[in-house]
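Below is one structure; the comments refer to it alone.
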Amino acid sequence: MQVFSCQRGAALIAPPKSEEMRHRSPGCSFGGADMPRSGSASAPCRGRGFTLVELMITMAVAVVLIMIAVPSFKSVILSSKLTTTANDMVGAINLARMEAIKRNANTQLCSDSASNNDTTSTLGAACGTQAGAVYALTGGATPSADPVQAAIAGVVTPLKLNGSMTALRFGGQGLGQKVGTSTPYTGLVADICTSSTSSNNHRLINMTAGSILATTTSSGSCP
């Protein structure tokens, strides 16, 4: 009679490999060995995080990029403000001209200088020092100045006028004349600038023959 012996607790017949793999809890495998797991078999493997050195390198790169980008961003903002204010000034000049034609009466684009506005006249006295404001002369026994537009709000710090802007008066034909003259004006109307940047920091508004306007860009100091 033959006797078969086996170790206590060991299975006499090994289960098929597929069945063994089915009953084995899935886990993270490192180096080809399955690591034991606790809890649910569906829990995901724990991923690897950032080291302190990697985090510090990332922060250093971000700081360098910010230091490069901030001056450029500031320059873009100032350039946009200059262009917007110059466009508002051109709009005020065109408004003064159109109101003069529509009313068939004198209108005035005001300067920031009271002396340029000629305070001895009705329109000039109404202007005061409101740069970019527009007034129209109304008829009657006692002529008065009718406000058409308030001063340009954009000419504030960090923007400023480089020198005093030219006060222009328009007649019924729509031709602009420098206050105190009788011929169509040709020359600089306003120079809007900023000292916060040194490149493309001027917007020059010029008039030709009392009606043609052009805005140009230049660089230079802004006192």
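Each chain in the structure tokens gets a letter, A, B and so on, in the order shown; residues start at 1 in every chain, and ligands are counted from 1 in the order they appear.
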### Task
Quick one: everything within 9 Å of stretch 81-93 of chain A, counting only C-alpha atoms, minus sequence neighbours fewer than 4 positions away in the same chain. Send it as number ranges by chain.
A: 76-77, 97-98, 108-109, 132-134, 149, 152-155, 159, 168, 176, 190-194, 201-205, 213-215
#### Entry: Long-range neighbours of A:Ala100 as a list in words, 9 Å cut-off, only C-alpha atoms, 4 positions minimum in chain
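Once the adjacent positions are removed, what remains is Leu95, Ala96, Asn104, Ala105, Asn106, Thr107, Gln108, Ala136, Leu137, Phe170, Gly171, Gly172, Gln173 and Gly174 of chain A.
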Filtering to N, CA and C atoms, could you give me those residues as a compact mmCIF listing (two decimals), in the first residue's frame?
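Okay, this is what ended up in again06.txt:
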```txt
# COMPACT_ATOMS: atom_id res chain seq x y z
N LEU A 95 -16.38 117.15 -33.52
CA LEU A 95 -17.68 117.57 -32.99
C LEU A 95 -17.83 119.08 -33.07
N ALA A 96 -16.78 119.82 -32.72
CA ALA A 96 -16.84 121.28 -32.79
C ALA A 96 -17.09 121.74 -34.22
N ASN A 104 -24.69 126.70 -37.96
CA ASN A 104 -24.28 127.89 -38.71
C ASN A 104 -23.90 129.00 -37.73
N ALA A 105 -23.09 128.60 -36.74
CA ALA A 105 -22.67 129.54 -35.70
C ALA A 105 -21.26 129.16 -35.26
N ASN A 106 -20.62 130.05 -34.54
CA ASN A 106 -19.27 129.79 -34.07
C ASN A 106 -19.26 128.76 -32.93
N THR A 107 -18.29 127.88 -32.98
CA THR A 107 -18.03 126.96 -31.88
C THR A 107 -16.55 127.03 -31.53
N GLN A 108 -16.20 126.54 -30.35
CA GLN A 108 -14.80 126.58 -29.96
C GLN A 108 -14.39 125.29 -29.26
N ALA A 136 -20.65 126.19 -28.02
CA ALA A 136 -21.23 126.79 -29.22
C ALA A 136 -21.86 128.12 -28.85
N LEU A 137 -21.76 129.08 -29.74
CA LEU A 137 -22.30 130.42 -29.49
C LEU A 137 -23.77 130.45 -29.90
N PHE A 170 -14.40 127.44 -34.84
CA PHE A 170 -14.96 127.04 -36.13
C PHE A 170 -16.15 127.92 -36.48
N GLY A 171 -16.25 128.27 -37.77
CA GLY A 171 -17.39 129.04 -38.27
C GLY A 171 -18.38 128.14 -39.00
N GLY A 172 -19.37 128.73 -39.61
CA GLY A 172 -20.42 127.98 -40.29
C GLY A 172 -19.91 127.13 -41.44
N GLN A 173 -18.77 127.47 -42.01
CA GLN A 173 -18.20 126.68 -43.10
C GLN A 173 -17.40 125.48 -42.61
N GLY A 174 -17.19 125.38 -41.30
CA GLY A 174 -16.52 124.22 -40.73
C GLY A 174 -15.01 124.26 -40.80
```
### Task
List every residue of stretch 145-205 of chain A that DSSP, applied to the backbone of this structure, assigns to strand (DSSP E), and report them as a list in words.
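Here is the list: Ala145, Asp146, Pro147, Val148, Gln149, Leu159, Lys160, Leu161, Leu168, Arg169, Phe170, Gly176, Gln177, Lys178, Gly187, Leu188, Val189, Ala190, Asp191, Ile192, Cys193, Thr194, His202, Arg203, Leu204 and Ile205 of chain A.
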Deliver the residues from the most recent selection as a file, using C-alpha atoms, as a PDB file, in the first residue's frame.
```pdb
ATOM      1  CA  ALA A 145     -22.065 129.924 -24.804  1.00  0.00           C
ATOM      2  CA  ASP A 146     -23.917 126.642 -25.039  1.00  0.00           C
ATOM      3  CA  PRO A 147     -21.916 123.669 -23.646  1.00  0.00           C
ATOM      4  CA  VAL A 148     -21.733 120.865 -26.216  1.00  0.00           C
ATOM      5  CA  GLN A 149     -19.122 118.601 -24.644  1.00  0.00           C
ATOM      6  CA  LEU A 159      -0.849 111.318 -19.167  1.00  0.00           C
ATOM      7  CA  LYS A 160      -0.335 115.035 -19.666  1.00  0.00           C
ATOM      8  CA  LEU A 161      -0.277 117.728 -22.312  1.00  0.00           C
ATOM      9  CA  LEU A 168      -9.664 126.348 -32.206  1.00  0.00           C
ATOM     10  CA  ARG A 169     -12.718 128.273 -33.320  1.00  0.00           C
ATOM     11  CA  PHE A 170     -14.964 127.038 -36.126  1.00  0.00           C
ATOM     12  CA  GLY A 176     -10.921 125.700 -37.873  1.00  0.00           C
ATOM     13  CA  GLN A 177      -8.997 128.834 -36.994  1.00  0.00           C
ATOM     14  CA  LYS A 178      -6.645 129.431 -34.126  1.00  0.00           C
ATOM     15  CA  GLY A 187      -0.059 123.132 -37.162  1.00  0.00           C
ATOM     16  CA  LEU A 188      -0.005 121.207 -33.903  1.00  0.00           C
ATOM     17  CA  VAL A 189      -3.252 121.080 -31.958  1.00  0.00           C
ATOM     18  CA  ALA A 190      -2.161 118.929 -29.008  1.00  0.00           C
ATOM     19  CA  ASP A 191       0.741 116.751 -27.855  1.00  0.00           C
ATOM     20  CA  ILE A 192      -0.388 114.119 -25.354  1.00  0.00           C
ATOM     21  CA  CYS A 193       2.462 112.262 -23.654  1.00  0.00           C
ATOM     22  CA  THR A 194       3.568 110.265 -20.623  1.00  0.00           C
ATOM     23  CA  HIS A 202       3.773 110.885 -27.551  1.00  0.00           C
ATOM     24  CA  ARG A 203       0.587 111.282 -29.584  1.00  0.00           C
ATOM     25  CA  LEU A 204       0.705 114.373 -31.801  1.00  0.00           C
ATOM     26  CA  ILE A 205      -2.545 115.715 -33.240  1.00  0.00           C
TER      27      ILE A 205
END
```
### Query
To one decimal place, how far is atom CA of A:Pro184 from atom CA of A:Ser219 in Å?
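Rounded to one decimal, the two atoms are 28.5 Å apart.
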### Task
Determine the nearest neighbour of A:Cys222 from the options A:Thr197, A:Ser79, A:Thr138, A:Thr181, counting only C-alpha atoms.
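Smallest distance to A:Cys222 is found for A:Thr197.
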### Query
If we count only C-alpha atoms, what is near A:Asn116 at a cut-off of 9 Å, once residues fewer than 2 positions away on the same chain are taken out, given as a list in words?
Cys110, Ser111, Asp112, Ser113, Ala114, Asp118, Thr119, Gly124, Ser164, Met165, Thr166, Ala167, Lys178, Val179 and Gly180 of chain A
